[in-house]
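Working notes for the structure below.
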Amino acid sequence: MQDTTELTGLTTFLGVAALISAFVAVTVTASAFGLSVAQRRRDLALLRTIGATPKQVMRMVCAEASLVGAGGSVAGCLLGLVGAPQLASWIVRQGLAPSWFRVYFTTGSVLALGIAFLAGVAVAVLSVLVAAVRAGTIRPTDALREAAVEPKRIGPVRLLGGLVALFCGVAALAAVALIFPSAATDPKTEAEIVILLIGGTALLSPFLLRSLTRPFGRGTAGMLLRASILTGARRAAAAIVPVLITAGLAASILGANDTANAAASAAEHQQAAGAGFVVLPARTPGLTTALVDRIHSISGVQATAVTDTNMLAFQPPITSLHLEAPIPIPFSALGIDRPSAALNLKVTAGSLTGLDDQTIAVDSSWNKHVGDIMKLWQPDGTPLSLKVIAVVASSGLSGPSLIVDLRNAGAAMPARVYVKTDSGASGAALLAAVRSQHARVVPISRWSAAVSNQQAQQNEVGLELLLGIAIAYSAIGIANTFLMSTGGRRSEPALLHMTGAIRRQIVWIVAAESLVLTLIGIVLSAVVSGLVLGALYAALTGEIGSVSIILPWPLVGAILGGCVVIAVLTSALPAWFQVRPHRRPSASIQEAPIPTLVRS
């Protein structure tokens, strides 16, 4: 059962990690190719002038993406061959998978690598489709322009797509906060909402630049800085997108995770609020039936033996249009031998008295009533039809949603016994009963703190798996985008050099523009994170009462600081080397070498 639970959690984490990584890859790649097309606008227009059709230009851009995607996919497959076994070993060491979990390469791995290669090429091509269409619509007359200025009008498709994505994200947040609070801590739901919000904000970023850059437009330098950003709205948006993704993912998911951990800890305290002690196994995998019976026989002691398990059931439909796969999935369950004052479960309908192997109690999220029949499966797959005997209030978004008798909880031995004593004598008798039974008695407050720390450590490891690849890719995207942006504007530093600006001043202007764009990305990510954490706060407050939003400021601050450092360095260093004191300023202004006529 433990192996099944761990593998289920690992599958969820890997699926969400793949979803986030795919979103980051598509968005960053699309942004980079869009910037590439914008910087080569005159070159592409020249191709149109000499007779290239829009379809030929589009095919050329898509062919470039295919070549880049093929090269990256080959490198990724080779890294996967080396890194997959290492990743599997790390996952086992961190306790996210059973000890026997390994990655072996078989004939089926060849098919998997082939699919991965094709997926990488497909991602590259799909990412560049919009940029390819834009390249095909460039007019031949653009080659005659003296200045490479982007068109002021940004397509309505981008505006509509951004508004639709934002609307869907905000609507999903409202639904989770007000209607389906139990979904607030589901990693898949959380990732989908964050992707919608970040994607919509990224699409709308060119339209927000005028308002967001207004605070930086004071003074002569600020006016020039703002004018430079607004003139190249697409270029600026391409630089903002990877920063927005990195900061938004980090703040939203890390903050939601830490807040949910605090809520889960509160749920543990609430569940055991009536107990004074908990009996835990010392060396064996569980507590024996003889020890549990001995604890129940002590005068003045109220006790409940508990084991954590999963029950397979069909997910309750949210609407009549239920899109979930019609197969049973595991739900967290609590197996108990008998209800007592030591176990704090708030019953809202029915009674836990009489809970046996023919009955079940559910929390309010199932929308069941006393007397309903539920079809479930035990952890080993044994089918059951149980009558709902009680409905309990949710003990937290991460708490058990089903309460069953120990006989329906699987073959696992009880993991702990909650105990409430009414006198010192009964407490002494409890200590004597467990002393020779390979068990130990722990005060409930110390046990709750230890469980909270263990959950926090496991969630931290899961987040490393969930966000590590995405944030690393986003950081590479930040460096690549700012390098491309600075490298494609070589004539601007030379023009500033001609007007009298020295190298240090030019580098300062370039670095300041990069810093402003990075700060704009961080501000937009703060808005997205605020929406996500606000909805989580509303959902948690409605379920378990007042909670505090917890954000790991040191880690988030380090990620934001890394974004700033990468952006400034990858823009300032190329500008420093582009402006050389011994070089004639006018030499860099020419867009193309001009042939010289020689008399014969």
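Just so we're on the same page: first chain in the structure tokens is A, next is B, and so on; residues restart at 1 for each chain, and ligands are numbered from 1 in the order they show up.
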
- Query: Using the chain letters and numbers from this document, which residues of stretch 406-453 of chain A does DSSP assign to strand (DSSP E), as an MDAnalysis selection string?
  - Reply: chainID A and resid 416:421 439:443

As an mmCIF file with N, CA, C and O atoms, in the first residue's frame, please: the residues near A:Val404 (cut-off 7 Å, only C-alpha atoms, same-chain neighbours under 2 positions excluded).
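Output below, filename part_21.cif:
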```cif
data_model
loop_
_atom_site.group_PDB
_atom_site.id
_atom_site.type_symbol
_atom_site.label_atom_id
_atom_site.label_comp_id
_atom_site.auth_asym_id
_atom_site.auth_seq_id
_atom_site.Cartn_x
_atom_site.Cartn_y
_atom_site.Cartn_z
ATOM 1 N N LEU A 334 -8.915 7.354 6.275
ATOM 2 C CA LEU A 334 -8.472 7.109 7.656
ATOM 3 C C LEU A 334 -9.171 5.855 8.150
ATOM 4 O O LEU A 334 -10.415 5.795 8.168
ATOM 5 N N GLY A 335 -8.375 4.843 8.492
ATOM 6 C CA GLY A 335 -8.939 3.635 9.070
ATOM 7 C C GLY A 335 -8.891 3.698 10.584
ATOM 8 O O GLY A 335 -7.830 3.980 11.153
ATOM 9 N N ILE A 336 -10.015 3.490 11.247
ATOM 10 C CA ILE A 336 -10.065 3.544 12.722
ATOM 11 C C ILE A 336 -10.745 2.282 13.245
ATOM 12 O O ILE A 336 -11.555 1.658 12.547
ATOM 13 N N ILE A 360 -19.361 3.410 6.104
ATOM 14 C CA ILE A 360 -18.297 4.369 5.826
ATOM 15 C C ILE A 360 -18.770 5.755 6.237
ATOM 16 O O ILE A 360 -19.983 6.029 6.258
ATOM 17 N N ALA A 361 -17.829 6.620 6.576
ATOM 18 C CA ALA A 361 -18.106 8.035 6.822
ATOM 19 C C ALA A 361 -17.335 8.845 5.790
ATOM 20 O O ALA A 361 -16.206 8.490 5.417
ATOM 21 N N LEU A 402 -12.250 10.102 3.567
ATOM 22 C CA LEU A 402 -13.039 8.916 3.865
ATOM 23 C C LEU A 402 -12.600 8.356 5.209
ATOM 24 O O LEU A 402 -11.410 8.373 5.545
ATOM 25 N N LEU A 406 -11.036 -0.399 10.320
ATOM 26 C CA LEU A 406 -9.690 -0.926 10.075
ATOM 27 C C LEU A 406 -9.699 -2.150 9.161
ATOM 28 O O LEU A 406 -8.745 -2.371 8.412
ATOM 29 N N ASN A 408 -11.387 -2.581 6.559
ATOM 30 C CA ASN A 408 -11.468 -2.142 5.168
ATOM 31 C C ASN A 408 -10.272 -1.288 4.742
ATOM 32 O O ASN A 408 -10.218 -0.836 3.599
ATOM 33 N N ALA A 409 -9.351 -1.069 5.662
ATOM 34 C CA ALA A 409 -8.218 -0.180 5.386
ATOM 35 C C ALA A 409 -7.027 -0.914 4.800
ATOM 36 O O ALA A 409 -5.977 -0.308 4.592
#
```

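Atom CA of A:Ala572 is found 26.9 Å from atom CA of A:Ala251.
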
As a compact mmCIF listing (two decimals) with all heavy atoms, in the first residue's frame, please: the residues near A:Ala470 (cut-off 8 Å, only C-alpha atoms, same-chain neighbours under 3 positions excluded).
```txt
# COMPACT_ATOMS: atom_id res chain seq x y z
N ALA A 17 5.15 18.34 -13.34
CA ALA A 17 6.45 18.87 -13.76
C ALA A 17 6.55 18.89 -15.28
O ALA A 17 7.06 19.85 -15.88
CB ALA A 17 7.58 18.03 -13.17
N ILE A 20 4.36 21.84 -16.58
CA ILE A 20 4.99 23.15 -16.38
C ILE A 20 6.20 23.31 -17.31
O ILE A 20 6.41 24.37 -17.91
CB ILE A 20 5.40 23.32 -14.91
CG1 ILE A 20 4.16 23.41 -14.03
CG2 ILE A 20 6.27 24.56 -14.73
CD1 ILE A 20 4.46 23.51 -12.55
N SER A 21 7.00 22.25 -17.44
CA SER A 21 8.18 22.33 -18.31
C SER A 21 7.78 22.56 -19.77
O SER A 21 8.42 23.34 -20.49
CB SER A 21 9.01 21.05 -18.19
OG SER A 21 9.47 20.88 -16.86
N VAL A 24 6.75 26.20 -20.14
CA VAL A 24 7.93 27.08 -20.14
C VAL A 24 8.67 26.98 -21.46
O VAL A 24 9.07 27.99 -22.06
CB VAL A 24 8.85 26.73 -18.95
CG1 VAL A 24 10.16 27.50 -19.05
CG2 VAL A 24 8.16 27.05 -17.63
N THR A 246 9.70 32.87 -14.61
CA THR A 246 10.55 32.42 -13.50
C THR A 246 10.02 32.92 -12.16
O THR A 246 9.82 32.13 -11.22
CB THR A 246 11.99 32.92 -13.70
OG1 THR A 246 12.47 32.50 -14.98
CG2 THR A 246 12.91 32.37 -12.63
N LEU A 466 9.55 19.50 -9.06
CA LEU A 466 8.51 20.16 -9.83
C LEU A 466 9.01 21.40 -10.54
O LEU A 466 8.72 21.64 -11.72
CB LEU A 466 7.35 20.52 -8.90
CG LEU A 466 6.10 21.12 -9.52
CD1 LEU A 466 5.39 20.10 -10.38
CD2 LEU A 466 5.16 21.63 -8.43
N LEU A 467 9.80 22.23 -9.83
CA LEU A 467 10.17 23.53 -10.35
C LEU A 467 11.61 23.61 -10.87
O LEU A 467 11.94 24.55 -11.60
CB LEU A 467 10.00 24.59 -9.26
CG LEU A 467 8.57 25.00 -8.91
CD1 LEU A 467 8.59 26.03 -7.79
CD2 LEU A 467 7.84 25.53 -10.10
N TYR A 473 15.38 26.27 -17.00
CA TYR A 473 15.13 26.60 -18.40
C TYR A 473 14.76 28.07 -18.55
O TYR A 473 15.19 28.75 -19.50
CB TYR A 473 14.00 25.72 -18.95
CG TYR A 473 13.85 25.80 -20.46
CD1 TYR A 473 14.58 24.95 -21.28
CD2 TYR A 473 13.00 26.72 -21.04
CE1 TYR A 473 14.45 25.02 -22.66
CE2 TYR A 473 12.87 26.80 -22.42
CZ TYR A 473 13.58 25.94 -23.22
OH TYR A 473 13.46 26.02 -24.57
N SER A 474 13.96 28.59 -17.60
CA SER A 474 13.58 30.00 -17.65
C SER A 474 14.81 30.89 -17.48
O SER A 474 14.92 31.94 -18.13
CB SER A 474 12.55 30.31 -16.57
OG SER A 474 11.36 29.57 -16.77
```

- Message: Just want the 7 Å neighbourhood of stretch 36-40 of chain A, counted on only C-alpha atoms, with same-chain residues fewer than 3 positions away dropped. Output as number ranges by chain.
- Response: A: 32-33, 43-44, 131, 135, 488

Kindly export the residues of the current selection with N, CA and C atoms, as a short mmCIF file (atom, residue, chain, number, x, y, z; two decimals), in the first residue's frame.
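Produced file selection31.cif, reproduced below:
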```
data_model
loop_
_atom_site.label_atom_id
_atom_site.label_comp_id
_atom_site.auth_asym_id
_atom_site.auth_seq_id
_atom_site.Cartn_x
_atom_site.Cartn_y
_atom_site.Cartn_z
N ALA A 32 11.53 33.84 -27.89
CA ALA A 32 12.85 34.01 -28.51
C ALA A 32 12.74 34.09 -30.04
N PHE A 33 11.92 33.24 -30.64
CA PHE A 33 11.76 33.29 -32.10
C PHE A 33 11.03 34.56 -32.53
N ASP A 43 15.85 42.17 -43.03
CA ASP A 43 16.39 41.08 -43.83
C ASP A 43 15.27 40.27 -44.50
N LEU A 44 14.22 39.98 -43.72
CA LEU A 44 13.11 39.22 -44.28
C LEU A 44 12.37 40.04 -45.34
N ALA A 131 5.32 33.48 -34.97
CA ALA A 131 6.41 34.28 -35.52
C ALA A 131 6.55 34.04 -37.02
N ALA A 135 6.36 36.76 -39.93
CA ALA A 135 7.44 36.94 -40.90
C ALA A 135 6.89 36.94 -42.32
N GLY A 488 21.26 42.45 -31.12
CA GLY A 488 20.57 42.91 -32.32
C GLY A 488 20.42 44.41 -32.41
#
```

Can you pull out the residues contacting A:Val57? Cut-off 12 Å, using only C-alpha atoms, and skip same-chain residues under 6 positions away; I want them as a PDB file with C-alpha atoms, in the first residue's frame.
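Saved file selection-v1.pdb follows:
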```
ATOM      1  CA  VAL A  37      11.882  37.707 -36.418  1.00  0.00           C
ATOM      2  CA  ARG A  40      15.492  40.455 -38.776  1.00  0.00           C
ATOM      3  CA  ARG A  41      12.519  42.365 -40.101  1.00  0.00           C
ATOM      4  CA  ASP A  43      16.390  41.075 -43.835  1.00  0.00           C
ATOM      5  CA  LEU A  44      13.108  39.220 -44.278  1.00  0.00           C
ATOM      6  CA  ALA A  45      11.658  42.214 -46.127  1.00  0.00           C
ATOM      7  CA  LEU A  46      14.673  42.100 -48.455  1.00  0.00           C
ATOM      8  CA  LEU A  47      13.841  38.477 -49.249  1.00  0.00           C
ATOM      9  CA  ARG A  48      10.316  39.552 -50.064  1.00  0.00           C
ATOM     10  CA  THR A  49      11.728  42.296 -52.313  1.00  0.00           C
ATOM     11  CA  ILE A  50      13.697  39.832 -54.444  1.00  0.00           C
ATOM     12  CA  GLY A  51      10.636  37.656 -54.983  1.00  0.00           C
ATOM     13  CA  ALA A  63      12.708  25.087 -41.049  1.00  0.00           C
ATOM     14  CA  GLU A  64      15.021  27.048 -38.752  1.00  0.00           C
ATOM     15  CA  LEU A 129       4.133  29.339 -35.832  1.00  0.00           C
ATOM     16  CA  ALA A 131       6.412  34.283 -35.522  1.00  0.00           C
ATOM     17  CA  ALA A 132       6.430  32.523 -38.915  1.00  0.00           C
ATOM     18  CA  VAL A 133       3.056  33.996 -39.843  1.00  0.00           C
ATOM     19  CA  ARG A 134       4.302  37.430 -38.801  1.00  0.00           C
ATOM     20  CA  ALA A 135       7.437  36.939 -40.902  1.00  0.00           C
ATOM     21  CA  GLY A 136       5.319  36.043 -43.929  1.00  0.00           C
ATOM     22  CA  THR A 137       3.277  39.227 -43.637  1.00  0.00           C
ATOM     23  CA  ILE A 138       6.296  41.571 -43.715  1.00  0.00           C
ATOM     24  CA  ARG A 139       5.993  43.991 -46.622  1.00  0.00           C
ATOM     25  CA  PRO A 140       8.848  44.312 -49.131  1.00  0.00           C
TER      26      PRO A 140
END
```

- Nearby residues (only C-alpha atoms) at most 12 Å from A:Ser297, same-chain spacing under 6 positions excluded, as JSON, numbers by chain: {"A": [290, 291, 303, 426, 429, 430, 433]}
